[in-house]
Every structure is written in C-alpha cells, then in structure tokens.
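What's in coords19.csv: CSV, C-alpha atoms
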chain,number,residue,atom,x,y,z
A,4,MET,CA,-11.6,-20.8,-13.0
A,5,ALA,CA,-11.0,-22.3,-9.5
A,6,ARG,CA,-13.9,-24.3,-8.0
A,7,PRO,CA,-15.8,-22.7,-5.1
A,8,VAL,CA,-14.6,-23.6,-1.6
A,9,GLN,CA,-17.1,-24.0,1.2
A,10,LEU,CA,-16.0,-22.1,4.3
A,11,ALA,CA,-18.9,-22.9,6.5
A,12,PRO,CA,-21.8,-25.3,6.3
A,13,GLY,CA,-25.5,-24.3,6.4
A,14,SER,CA,-26.5,-23.0,9.8
A,15,LEU,CA,-29.4,-21.6,11.8
A,16,ALA,CA,-29.5,-17.9,12.6
A,17,LEU,CA,-31.0,-16.5,15.7
A,18,VAL,CA,-31.6,-12.7,15.7
A,19,LEU,CA,-31.4,-11.6,19.3
A,20,CYS,CA,-32.4,-8.5,21.1
A,21,ARG,CA,-31.2,-7.5,24.5
A,22,LEU,CA,-33.9,-7.1,27.2
A,23,GLU,CA,-31.8,-4.3,28.7
A,24,ALA,CA,-30.5,-1.4,26.5
A,25,PRO,CA,-26.7,-1.5,25.9
A,26,GLU,CA,-26.5,2.1,27.3
A,27,THR,CA,-28.2,1.0,30.5
A,28,ALA,CA,-26.0,-2.1,30.8
A,29,ALA,CA,-22.9,-0.1,30.3
A,30,ALA,CA,-24.0,2.4,32.9
A,31,ALA,CA,-24.5,-0.4,35.4
A,32,GLY,CA,-21.0,-1.7,34.7
A,33,ALA,CA,-22.1,-4.8,32.9
A,34,GLU,CA,-19.8,-6.0,30.0
A,35,GLU,CA,-21.2,-6.8,26.6
A,36,PRO,CA,-21.3,-10.6,26.3
A,37,GLY,CA,-19.3,-12.1,23.5
A,38,GLY,CA,-20.7,-14.5,20.9
A,39,ARG,CA,-19.5,-17.7,22.5
A,40,ALA,CA,-20.9,-16.6,25.9
A,41,VAL,CA,-24.3,-15.9,24.3
A,42,PHE,CA,-24.1,-19.3,22.5
A,43,ARG,CA,-23.4,-21.1,25.8
A,44,ALA,CA,-26.3,-19.3,27.5
A,45,PHE,CA,-28.7,-20.3,24.6
A,46,ARG,CA,-27.6,-23.9,24.6
A,47,ARG,CA,-27.8,-24.1,28.4
A,48,ALA,CA,-31.3,-22.6,28.5
A,49,ASN,CA,-32.7,-25.2,26.0
A,50,ALA,CA,-30.6,-28.2,27.3
A,51,ARG,CA,-32.4,-27.7,30.6
A,52,CYS,CA,-35.8,-28.2,29.1
A,53,PHE,CA,-36.1,-31.7,30.7
A,54,TRP,CA,-39.8,-31.9,30.0
A,55,ASN,CA,-39.0,-31.7,26.3
A,56,SER,CA,-36.3,-34.4,25.8
A,57,ARG,CA,-36.1,-33.8,22.0
A,58,LEU,CA,-35.3,-30.2,22.4
A,59,ALA,CA,-32.8,-30.8,25.3
A,60,ARG,CA,-31.0,-33.4,23.2
A,61,ALA,CA,-30.9,-31.2,20.1
A,62,ALA,CA,-29.6,-28.3,22.1
A,63,SER,CA,-26.7,-30.4,23.5
A,64,ARG,CA,-25.6,-31.2,20.0
A,65,LEU,CA,-25.4,-27.6,18.9
A,66,THR,CA,-22.0,-26.1,17.9
A,67,PHE,CA,-21.1,-22.4,17.7
A,68,GLN,CA,-20.9,-21.2,14.2
A,69,GLY,CA,-20.5,-17.4,14.5
A,70,TRP,CA,-21.6,-14.2,16.0
A,71,LEU,CA,-22.5,-11.2,13.8
A,72,ARG,CA,-23.0,-7.6,14.7
A,73,ARG,CA,-26.4,-6.5,15.8
A,74,GLY,CA,-27.0,-9.7,17.8
A,75,VAL,CA,-27.1,-12.5,15.2
A,76,LEU,CA,-26.1,-15.9,16.6
A,77,LEU,CA,-25.2,-18.7,14.1
A,78,VAL,CA,-25.4,-22.3,15.3
A,79,HIS,CA,-24.9,-25.6,13.6
A,80,ALA,CA,-26.0,-29.2,14.4
A,81,PRO,CA,-27.0,-32.4,12.6
A,82,PRO,CA,-30.0,-31.8,10.3
A,83,ALA,CA,-32.4,-33.6,12.6
A,84,SER,CA,-31.4,-31.4,15.6
A,85,LEU,CA,-31.7,-28.3,13.5
A,86,GLN,CA,-35.2,-29.4,12.6
A,87,VAL,CA,-36.1,-29.8,16.3
A,88,LEU,CA,-35.0,-26.2,16.9
A,89,ARG,CA,-37.1,-25.0,13.9
A,90,ASP,CA,-40.2,-26.8,15.3
A,91,ALA,CA,-39.6,-25.4,18.8
A,92,TRP,CA,-39.5,-21.9,17.3
A,93,CYS,CA,-42.7,-22.5,15.4
A,94,ARG,CA,-44.4,-23.7,18.6
A,95,ARG,CA,-42.9,-20.7,20.6
A,96,ALA,CA,-41.1,-23.3,22.8
A,97,LEU,CA,-37.5,-22.2,21.9
A,98,ARG,CA,-35.9,-20.5,24.9
A,99,PRO,CA,-33.6,-17.5,24.5
A,100,PRO,CA,-30.3,-17.0,26.2
A,101,ARG,CA,-30.6,-15.2,29.5
A,102,GLY,CA,-30.9,-11.4,29.1
A,103,PHE,CA,-32.1,-11.7,25.5
A,104,ARG,CA,-35.2,-12.4,23.5
A,105,ILE,CA,-35.4,-14.1,20.1
A,106,ARG,CA,-36.7,-11.8,17.4
A,107,ALA,CA,-36.4,-14.2,14.5
A,108,VAL,CA,-35.0,-17.6,13.5
A,109,GLY,CA,-34.0,-18.6,9.9
A,110,ASP,CA,-31.8,-20.8,7.8
A,111,VAL,CA,-28.5,-19.5,6.5
A,112,PHE,CA,-27.1,-21.0,3.3
A,113,PRO,CA,-23.6,-22.5,3.3
A,114,VAL,CA,-20.9,-19.9,3.0
A,115,GLN,CA,-18.8,-20.4,-0.1
A,116,MET,CA,-15.7,-18.6,-1.5
A,117,ASN,CA,-14.7,-18.3,-5.1
A,118,PRO,CA,-10.9,-18.2,-5.1
A,119,ILE,CA,-9.2,-15.5,-7.1
A,120,ALA,CA,-6.3,-16.8,-9.2
A,121,GLN,CA,-3.0,-15.1,-9.0
A,122,SER,CA,-0.8,-14.4,-11.9
A,123,GLN,CA,2.7,-15.9,-12.3
A,124,PHE,CA,4.3,-12.5,-12.6
A,125,VAL,CA,5.7,-10.9,-9.5
A,126,PRO,CA,6.9,-7.3,-9.9
A,127,LEU,CA,10.5,-7.1,-8.7
A,128,ALA,CA,10.1,-3.5,-7.5
A,129,GLU,CA,7.1,-4.4,-5.3
A,130,VAL,CA,9.0,-7.3,-3.8
A,131,LEU,CA,12.1,-5.2,-3.1
A,132,CYS,CA,10.0,-2.5,-1.4
A,133,CYS,CA,8.4,-5.3,0.8
A,134,ALA,CA,11.8,-6.7,1.5
A,135,VAL,CA,13.3,-3.3,2.5
A,136,SER,CA,10.3,-2.6,4.7
A,137,ASP,CA,10.6,-6.0,6.5
A,138,LEU,CA,14.4,-5.6,7.1
A,139,ASN,CA,13.8,-2.0,8.3
A,140,ALA,CA,11.2,-3.3,10.8
A,141,ALA,CA,13.7,-6.0,11.9
A,142,GLN,CA,16.3,-3.2,12.3
A,143,THR,CA,18.6,-5.1,9.9
A,144,VAL,CA,21.0,-3.1,7.8
A,145,VAL,CA,19.7,-3.3,4.3
A,146,THR,CA,22.4,-3.8,1.7
A,147,GLN,CA,22.2,-5.4,-1.7
A,148,GLU,CA,23.6,-8.6,-0.3
A,149,SER,CA,21.1,-8.7,2.6
A,150,LEU,CA,18.3,-8.0,0.1
A,151,LEU,CA,19.3,-10.9,-2.1
A,152,GLU,CA,19.6,-13.2,1.0
A,153,HIS,CA,16.1,-12.0,2.1
A,154,LEU,CA,14.6,-12.8,-1.3
A,155,LYS,CA,16.1,-16.3,-1.3
A,156,GLN,CA,14.6,-17.1,2.2
A,157,HIS,CA,11.2,-15.4,2.0
A,158,TYR,CA,10.3,-15.3,-1.7
A,159,PRO,CA,11.2,-18.8,-3.1
A,160,GLY,CA,8.7,-18.4,-5.9
A,161,ILE,CA,10.5,-15.6,-7.7
A,162,ALA,CA,13.7,-15.7,-9.8
A,163,ILE,CA,16.6,-14.1,-7.9
A,164,PRO,CA,17.7,-11.0,-9.9
A,165,SER,CA,21.2,-10.5,-11.1
A,166,GLN,CA,23.4,-7.8,-9.4
A,167,ASP,CA,22.9,-5.5,-12.4
A,168,ILE,CA,19.1,-5.8,-12.4
A,169,LEU,CA,19.0,-5.4,-8.6
A,170,TYR,CA,21.2,-2.2,-8.9
A,171,THR,CA,19.1,-0.8,-11.7
A,172,THR,CA,15.7,-1.5,-10.0
A,173,LEU,CA,16.9,0.0,-6.7
A,174,GLY,CA,18.1,3.1,-8.6
A,175,THR,CA,14.6,3.4,-10.2
A,176,LEU,CA,12.9,3.1,-6.8
A,177,ILE,CA,15.2,5.9,-5.4
A,178,LYS,CA,14.3,8.1,-8.4
A,179,GLU,CA,10.6,7.4,-7.8
A,180,ARG,CA,11.2,8.3,-4.1
A,181,LYS,CA,9.9,5.0,-2.8
A,182,ILE,CA,13.1,4.1,-1.1
A,183,TYR,CA,16.3,6.1,-0.2
A,184,HIS,CA,19.9,5.2,0.6
A,185,THR,CA,22.2,6.5,3.2
A,186,GLY,CA,25.5,5.3,4.6
A,187,GLU,CA,23.4,3.0,6.8
A,188,GLY,CA,21.7,1.2,4.0
A,189,TYR,CA,18.3,1.4,2.2
A,190,PHE,CA,15.2,2.7,3.8
A,191,ILE,CA,11.5,3.0,2.8
A,192,VAL,CA,10.2,6.5,2.2
A,193,THR,CA,7.4,7.1,4.7
A,194,PRO,CA,5.2,10.2,5.3
A,195,GLN,CA,7.7,11.1,8.0
A,196,THR,CA,10.6,11.2,5.5
A,197,TYR,CA,11.5,14.7,4.3
A,198,PHE,CA,13.3,15.6,1.1
A,199,ILE,CA,15.6,18.6,1.1
A,200,THR,CA,16.8,19.6,-2.4
A,201,ASN,CA,20.2,21.4,-2.4
A,202,THR,CA,21.0,23.6,-5.4
A,203,THR,CA,23.9,25.9,-5.9
A,204,PRO,CA,22.9,29.7,-5.8
A,205,HIS,CA,22.9,31.1,-9.3
A,206,LYS,CA,24.7,34.3,-10.1
A,207,ASN,CA,22.8,35.3,-13.2
A,208,ASN,CA,20.4,34.0,-15.8
A,209,ARG,CA,23.2,32.5,-17.9
A,210,ASP,CA,24.4,30.5,-14.9
A,211,LEU,CA,20.8,29.4,-14.3
A,212,SER,CA,20.5,28.1,-17.9
A,213,ASP,CA,23.8,26.2,-17.6
A,214,GLU,CA,23.0,24.8,-14.2
A,215,SER,CA,19.5,23.7,-15.0
A,216,GLN,CA,20.8,20.5,-16.6
A,217,ARG,CA,22.6,19.4,-13.5
A,218,PRO,CA,20.7,16.9,-11.2
A,219,ALA,CA,19.8,18.3,-7.8
A,220,CYS,CA,21.3,16.9,-4.7
A,221,ILE,CA,18.6,15.4,-2.4
A,222,THR,CA,19.1,14.9,1.3
A,223,TYR,CA,16.7,12.5,3.2
A,224,LEU,CA,15.7,13.1,6.8
A,225,ASP,CA,13.6,10.6,8.6
A,226,THR,CA,12.0,11.7,11.8
A,227,GLU,CA,11.6,8.1,13.0
A,228,SER,CA,15.1,6.7,12.4
A,229,GLY,CA,16.8,10.0,13.1
A,230,ILE,CA,18.7,9.9,9.8
Target encoding structure tokens, full file:
Amino acid sequence: MARPVQLAPGSLALVLCRLEAPETAAAAGAEEPGGRAVFRAFRRANARCFWNSRLARAASRLTFQGWLRRGVLLVHAPPASLQVLRDAWCRRALRPPRGFRIRAVGDVFPVQMNPIAQSQFVPLAEVLCCAVSDLNAAQTVVTQESLLEHLKQHYPGIAIPSQDILYTTLGTLIKERKIYHTGEGYFIVTPQTYFITNTTPHKNNRDLSDESQRPACITYLDTESGI
C-alpha cells in the first residue's frame, strides 16, 4: 500500500460570520469577497496592531491556506506565530477582517491523502472509446490508422494492438452501440445519436421465420454532426 502523502500542513481555522446578511449585501450591489480578499483583510487588521508588536509581527508572517464554504478561513504560519494568534484569540485581542466577526478559532490537522494504486491492466475498449472521443472533439477523421497513431502518442503505457485485434474490438464496440462507423470515420454514440433499424417488409409468416435470422440494417443519425 502506498504511503500517505501530505497535501497541506497543519493550519489555523477561523470561522467567520458576516456582519451584514448576504441578501442585504447583494441588494446593495456589493460582491461577495473571495477567500484571498478576506485573508488580506484579516492580516491587514492584525498587522496594524502597532501597540501589540507580537501580534503584528505574527500576522505579517501568515500565509493563505484555503477558504471553505460557510466562511471558514484557513491560515498557516510558523508554530510560534500561530501560538501568538491562539493567545490573542483567548484574550479577545484577535481582530476580524473588515465586515466580519470571528465566531470560533481552532487547529486543523494536516491534510493527508492515501494514494489509490492503479492496476497494470488497461481495457482496450475503454481506451479506444476515449481515443475516438478525443479525435471527434478535435474534428479529426477517425480511421483505424489515425486511431493507432493516437494510441502511440497519447497512451504510451499500453501495448499497441494488432490490426486484427483493433478491427475485432471496434466491431464489438459497434455491436454494443458505443461507437458507430460511417463513410466519414468512427464516431462516439451520444444521447443525440439515433438508431433507425431497417427491415424488409414480410409477406407472410413463413417469410418472417426465414428473415428472422438475418441481421437488421442499422442507420445512425447524429443531430450534432449532421450525419
């Protein structure tokens, strides 16, 4: 199992509350401030506490760590500076950013990620669908040759299939109605793709039983590409 990866160090969280209701601010034409703007306002408010040099110095060392919904500001600094902020909060000396009040302050543990290992097996059908989709988006004609070239350039980790395997897999994807083929190449089947099944009219029940073994002819109509 892969070792955990630390995404963010421990930080200090400030739960903020706007002094003016968001609805009132919106009615007045004021824009909702972003996280970095709130952070700058918080750092500025405390860095100007010239009568408290420790707090002013600690505030100047703060860095922006993140901004969560519902007004949670995450800040980071050297341990000594974070302790100064904790002490200031305990003594009710920590100043909020303009337009807010501080509801709570607390420590946030480091954010870690446990990487999920990938298997070595890459389904060829999945890769081909992705390749056809990419080439369709680039408005490149999708042929078997262009598919192989695309796989060599963008999927270096997989073994390039032989012509027979490629042909068979594409045929399977067409039967599963995941892709379709026209005179202009291969295309991905989307919700906008329509299937029209053409069958020969049957004269009687005997003809019906004979014809039932014949594969139906399917026409593909795509409302986006105009095919």
Can you pull out the residues contacting Leu10 in chain A? Cut-off 8 Å, using all atoms listed in the file, and skip same-chain residues under 6 positions away; I want them as an NGL selection string.
:A and (113-116)
For CA of Ala11 in chain A and CA of Ala44 in chain A, determine how far apart the two atoms are, in Å to one decimal place.
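Separation between CA of Ala11 in chain A and CA of Ala44 in chain A: 22.6 Å.
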Interatomic distance between CA of Val8 in chain A and CA of Leu88 in chain A?
27.7 Å
Contacts of Ser149 in chain A at 12 Å or less, counting only C-alpha atoms, minus same-chain residues fewer than 4 places along, as a ChimeraX atom specification?
/A:131,134-135,137-139,143-145,153-157,169,188-189
In Å, how far is it from CA of Ala80 in chain A to CA of Arg6 in chain A?
25.9 Å
Would you kindly return, as a PyMOL selection string, each protein, DNA or RNA residue with an atom no farther than 12 Å from any atom of Val111 in chain A, considering only C-alpha atoms and excluding same-chain residues fewer than 3 positions away?
chain A and resi 11-18+68-69+75-79+85+108+114-115
Dump C-alpha atoms for the selected residues as an mmCIF file, in the coordinates of the input?
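For reference, again15.cif as written:
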data_model
loop_
_atom_site.group_PDB
_atom_site.id
_atom_site.type_symbol
_atom_site.label_atom_id
_atom_site.label_comp_id
_atom_site.auth_asym_id
_atom_site.auth_seq_id
_atom_site.Cartn_x
_atom_site.Cartn_y
_atom_site.Cartn_z
ATOM 1 C CA ALA A 11 -18.900 -22.900 6.500
ATOM 2 C CA PRO A 12 -21.800 -25.300 6.300
ATOM 3 C CA GLY A 13 -25.500 -24.300 6.400
ATOM 4 C CA SER A 14 -26.500 -23.000 9.800
ATOM 5 C CA LEU A 15 -29.400 -21.600 11.800
ATOM 6 C CA ALA A 16 -29.500 -17.900 12.600
ATOM 7 C CA LEU A 17 -31.000 -16.500 15.700
ATOM 8 C CA VAL A 18 -31.600 -12.700 15.700
ATOM 9 C CA GLN A 68 -20.900 -21.200 14.200
ATOM 10 C CA GLY A 69 -20.500 -17.400 14.500
ATOM 11 C CA VAL A 75 -27.100 -12.500 15.200
ATOM 12 C CA LEU A 76 -26.100 -15.900 16.600
ATOM 13 C CA LEU A 77 -25.200 -18.700 14.100
ATOM 14 C CA VAL A 78 -25.400 -22.300 15.300
ATOM 15 C CA HIS A 79 -24.900 -25.600 13.600
ATOM 16 C CA LEU A 85 -31.700 -28.300 13.500
ATOM 17 C CA VAL A 108 -35.000 -17.600 13.500
ATOM 18 C CA VAL A 114 -20.900 -19.900 3.000
ATOM 19 C CA GLN A 115 -18.800 -20.400 -0.100
#
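Of the listed residues (A:Ser136, A:Thr146, A:Ser165, A:Thr172), A:Ser136 comes nearest to Val192 in chain A; the distances count all atoms listed in the file.
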Please write C-alpha atoms of range 43-162 of chain A, from the structure given just now, as a PDB file, in the first residue's frame.
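Contents of the output file decode-v6.pdb:
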ATOM      1  CA  ARG A  43      -5.708  40.004   3.210  1.00  0.00           C
ATOM      2  CA  ALA A  44      -8.263  41.946   5.234  1.00  0.00           C
ATOM      3  CA  PHE A  45      -7.631  39.718   8.290  1.00  0.00           C
ATOM      4  CA  ARG A  46      -3.864  40.007   8.025  1.00  0.00           C
ATOM      5  CA  ARG A  47      -4.071  43.758   7.498  1.00  0.00           C
ATOM      6  CA  ALA A  48      -6.339  44.255  10.514  1.00  0.00           C
ATOM      7  CA  ASN A  49      -3.926  42.473  12.872  1.00  0.00           C
ATOM      8  CA  ALA A  50      -0.695  43.705  11.300  1.00  0.00           C
ATOM      9  CA  ARG A  51      -1.840  47.233  12.172  1.00  0.00           C
ATOM     10  CA  CYS A  52      -1.989  46.445  15.885  1.00  0.00           C
ATOM     11  CA  PHE A  53       1.133  48.516  16.477  1.00  0.00           C
ATOM     12  CA  TRP A  54       0.523  48.528  20.233  1.00  0.00           C
ATOM     13  CA  ASN A  55       0.871  44.720  20.183  1.00  0.00           C
ATOM     14  CA  SER A  56       4.135  44.091  18.345  1.00  0.00           C
ATOM     15  CA  ARG A  57       3.964  40.299  18.805  1.00  0.00           C
ATOM     16  CA  LEU A  58       0.549  40.091  17.175  1.00  0.00           C
ATOM     17  CA  ALA A  59       1.508  42.487  14.376  1.00  0.00           C
ATOM     18  CA  ARG A  60       4.661  40.502  13.635  1.00  0.00           C
ATOM     19  CA  ALA A  61       2.797  37.175  13.720  1.00  0.00           C
ATOM     20  CA  ALA A  62       0.116  38.493  11.370  1.00  0.00           C
ATOM     21  CA  SER A  63       2.732  39.613   8.846  1.00  0.00           C
ATOM     22  CA  ARG A  64       4.009  36.027   8.680  1.00  0.00           C
ATOM     23  CA  LEU A  65       0.650  34.498   7.873  1.00  0.00           C
ATOM     24  CA  THR A  66       0.057  32.724   4.571  1.00  0.00           C
ATOM     25  CA  PHE A  67      -3.228  31.871   2.929  1.00  0.00           C
ATOM     26  CA  GLN A  68      -4.067  28.185   3.237  1.00  0.00           C
ATOM     27  CA  GLY A  69      -7.644  27.937   1.990  1.00  0.00           C
ATOM     28  CA  TRP A  70     -11.200  29.184   2.074  1.00  0.00           C
ATOM     29  CA  LEU A  71     -14.082  26.838   2.817  1.00  0.00           C
ATOM     30  CA  ARG A  72     -17.773  27.349   2.286  1.00  0.00           C
ATOM     31  CA  ARG A  73     -19.763  28.942   5.094  1.00  0.00           C
ATOM     32  CA  GLY A  74     -16.942  31.337   5.867  1.00  0.00           C
ATOM     33  CA  VAL A  75     -14.036  29.250   7.143  1.00  0.00           C
ATOM     34  CA  LEU A  76     -10.612  30.821   6.580  1.00  0.00           C
ATOM     35  CA  LEU A  77      -7.518  28.595   6.850  1.00  0.00           C
ATOM     36  CA  VAL A  78      -4.192  30.293   7.597  1.00  0.00           C
ATOM     37  CA  HIS A  79      -0.682  28.982   8.125  1.00  0.00           C
ATOM     38  CA  ALA A  80       2.443  30.399   9.767  1.00  0.00           C
ATOM     39  CA  PRO A  81       5.466  29.242  11.764  1.00  0.00           C
ATOM     40  CA  PRO A  82       4.422  27.490  15.015  1.00  0.00           C
ATOM     41  CA  ALA A  83       5.413  30.450  17.195  1.00  0.00           C
ATOM     42  CA  SER A  84       3.298  32.846  15.130  1.00  0.00           C
ATOM     43  CA  LEU A  85       0.293  30.524  15.253  1.00  0.00           C
ATOM     44  CA  GLN A  86       0.619  30.383  19.026  1.00  0.00           C
ATOM     45  CA  VAL A  87       0.541  34.180  19.172  1.00  0.00           C
ATOM     46  CA  LEU A  88      -2.756  34.106  17.261  1.00  0.00           C
ATOM     47  CA  ARG A  89      -4.174  31.475  19.635  1.00  0.00           C
ATOM     48  CA  ASP A  90      -3.191  33.607  22.635  1.00  0.00           C
ATOM     49  CA  ALA A  91      -4.707  36.703  21.053  1.00  0.00           C
ATOM     50  CA  TRP A  92      -7.980  34.846  20.480  1.00  0.00           C
ATOM     51  CA  CYS A  93      -8.043  33.628  24.087  1.00  0.00           C
ATOM     52  CA  ARG A  94      -7.538  37.223  25.298  1.00  0.00           C
ATOM     53  CA  ARG A  95     -10.183  38.519  22.828  1.00  0.00           C
ATOM     54  CA  ALA A  96      -7.497  40.583  21.145  1.00  0.00           C
ATOM     55  CA  LEU A  97      -7.613  38.957  17.703  1.00  0.00           C
ATOM     56  CA  ARG A  98      -9.139  41.364  15.205  1.00  0.00           C
ATOM     57  CA  PRO A  99     -11.512  40.111  12.477  1.00  0.00           C
ATOM     58  CA  PRO A 100     -11.361  41.127   8.819  1.00  0.00           C
ATOM     59  CA  ARG A 101     -13.465  44.144   7.997  1.00  0.00           C
ATOM     60  CA  GLY A 102     -17.127  43.290   7.582  1.00  0.00           C
ATOM     61  CA  PHE A 103     -16.871  40.062   9.584  1.00  0.00           C
ATOM     62  CA  ARG A 104     -16.765  38.820  13.118  1.00  0.00           C
ATOM     63  CA  ILE A 105     -14.862  35.762  14.315  1.00  0.00           C
ATOM     64  CA  ARG A 106     -17.148  33.068  15.702  1.00  0.00           C
ATOM     65  CA  ALA A 107     -14.505  30.455  16.512  1.00  0.00           C
ATOM     66  CA  VAL A 108     -10.802  29.682  16.118  1.00  0.00           C
ATOM     67  CA  GLY A 109      -9.293  26.199  16.143  1.00  0.00           C
ATOM     68  CA  ASP A 110      -6.493  23.967  14.972  1.00  0.00           C
ATOM     69  CA  VAL A 111      -6.793  21.898  11.799  1.00  0.00           C
ATOM     70  CA  PHE A 112      -4.749  18.739  11.438  1.00  0.00           C
ATOM     71  CA  PRO A 113      -2.521  18.302   8.376  1.00  0.00           C
ATOM     72  CA  VAL A 114      -4.412  17.152   5.298  1.00  0.00           C
ATOM     73  CA  GLN A 115      -3.189  13.781   4.071  1.00  0.00           C
ATOM     74  CA  MET A 116      -4.068  11.649   1.075  1.00  0.00           C
ATOM     75  CA  ASN A 117      -3.828   7.872   0.807  1.00  0.00           C
ATOM     76  CA  PRO A 118      -2.987   7.221  -2.856  1.00  0.00           C
ATOM     77  CA  ILE A 119      -5.081   4.576  -4.616  1.00  0.00           C
ATOM     78  CA  ALA A 120      -2.950   2.184  -6.640  1.00  0.00           C
ATOM     79  CA  GLN A 121      -3.832   1.554 -10.280  1.00  0.00           C
ATOM     80  CA  SER A 122      -3.795  -1.842 -11.917  1.00  0.00           C
ATOM     81  CA  GLN A 123      -1.459  -2.613 -14.790  1.00  0.00           C
ATOM     82  CA  PHE A 124      -4.372  -3.708 -16.993  1.00  0.00           C
ATOM     83  CA  VAL A 125      -5.872  -1.079 -19.314  1.00  0.00           C
ATOM     84  CA  PRO A 126      -9.073  -2.170 -21.114  1.00  0.00           C
ATOM     85  CA  LEU A 127      -8.512  -1.692 -24.840  1.00  0.00           C
ATOM     86  CA  ALA A 128     -12.210  -0.981 -25.457  1.00  0.00           C
ATOM     87  CA  GLU A 129     -12.156   1.859 -22.919  1.00  0.00           C
ATOM     88  CA  VAL A 130      -9.009   3.343 -24.444  1.00  0.00           C
ATOM     89  CA  LEU A 131     -10.463   3.160 -27.956  1.00  0.00           C
ATOM     90  CA  CYS A 132     -13.641   4.939 -26.869  1.00  0.00           C
ATOM     91  CA  CYS A 133     -11.556   7.689 -25.265  1.00  0.00           C
ATOM     92  CA  ALA A 134      -9.416   7.961 -28.389  1.00  0.00           C
ATOM     93  CA  VAL A 135     -12.438   8.175 -30.714  1.00  0.00           C
ATOM     94  CA  SER A 136     -13.977  10.818 -28.445  1.00  0.00           C
ATOM     95  CA  ASP A 137     -10.762  12.880 -28.414  1.00  0.00           C
ATOM     96  CA  LEU A 138     -10.398  12.706 -32.188  1.00  0.00           C
ATOM     97  CA  ASN A 139     -14.075  13.568 -32.690  1.00  0.00           C
ATOM     98  CA  ALA A 140     -13.635  16.608 -30.450  1.00  0.00           C
ATOM     99  CA  ALA A 141     -10.573  17.638 -32.481  1.00  0.00           C
ATOM    100  CA  GLN A 142     -12.634  17.198 -35.671  1.00  0.00           C
ATOM    101  CA  THR A 143     -10.105  14.670 -36.961  1.00  0.00           C
ATOM    102  CA  VAL A 144     -11.283  11.893 -39.249  1.00  0.00           C
ATOM    103  CA  VAL A 145     -11.138   8.703 -37.194  1.00  0.00           C
ATOM    104  CA  THR A 146      -9.773   5.755 -39.134  1.00  0.00           C
ATOM    105  CA  GLN A 147      -8.017   2.668 -37.874  1.00  0.00           C
ATOM    106  CA  GLU A 148      -4.705   4.236 -38.881  1.00  0.00           C
ATOM    107  CA  SER A 149      -5.392   7.506 -37.048  1.00  0.00           C
ATOM    108  CA  LEU A 150      -6.527   5.529 -34.002  1.00  0.00           C
ATOM    109  CA  LEU A 151      -3.256   3.601 -33.875  1.00  0.00           C
ATOM    110  CA  GLU A 152      -1.275   6.811 -34.259  1.00  0.00           C
ATOM    111  CA  HIS A 153      -3.294   8.435 -31.471  1.00  0.00           C
ATOM    112  CA  LEU A 154      -2.637   5.483 -29.177  1.00  0.00           C
ATOM    113  CA  LYS A 155       1.112   5.684 -29.815  1.00  0.00           C
ATOM    114  CA  GLN A 156       1.202   9.403 -28.985  1.00  0.00           C
ATOM    115  CA  HIS A 157      -1.174   9.647 -26.038  1.00  0.00           C
ATOM    116  CA  TYR A 158      -1.185   6.178 -24.439  1.00  0.00           C
ATOM    117  CA  PRO A 159       2.490   5.171 -24.219  1.00  0.00           C
ATOM    118  CA  GLY A 160       1.809   2.778 -21.346  1.00  0.00           C
ATOM    119  CA  ILE A 161      -0.304   0.311 -23.323  1.00  0.00           C
ATOM    120  CA  ALA A 162       0.685  -2.272 -25.914  1.00  0.00           C
TER     121      ALA A 162
END
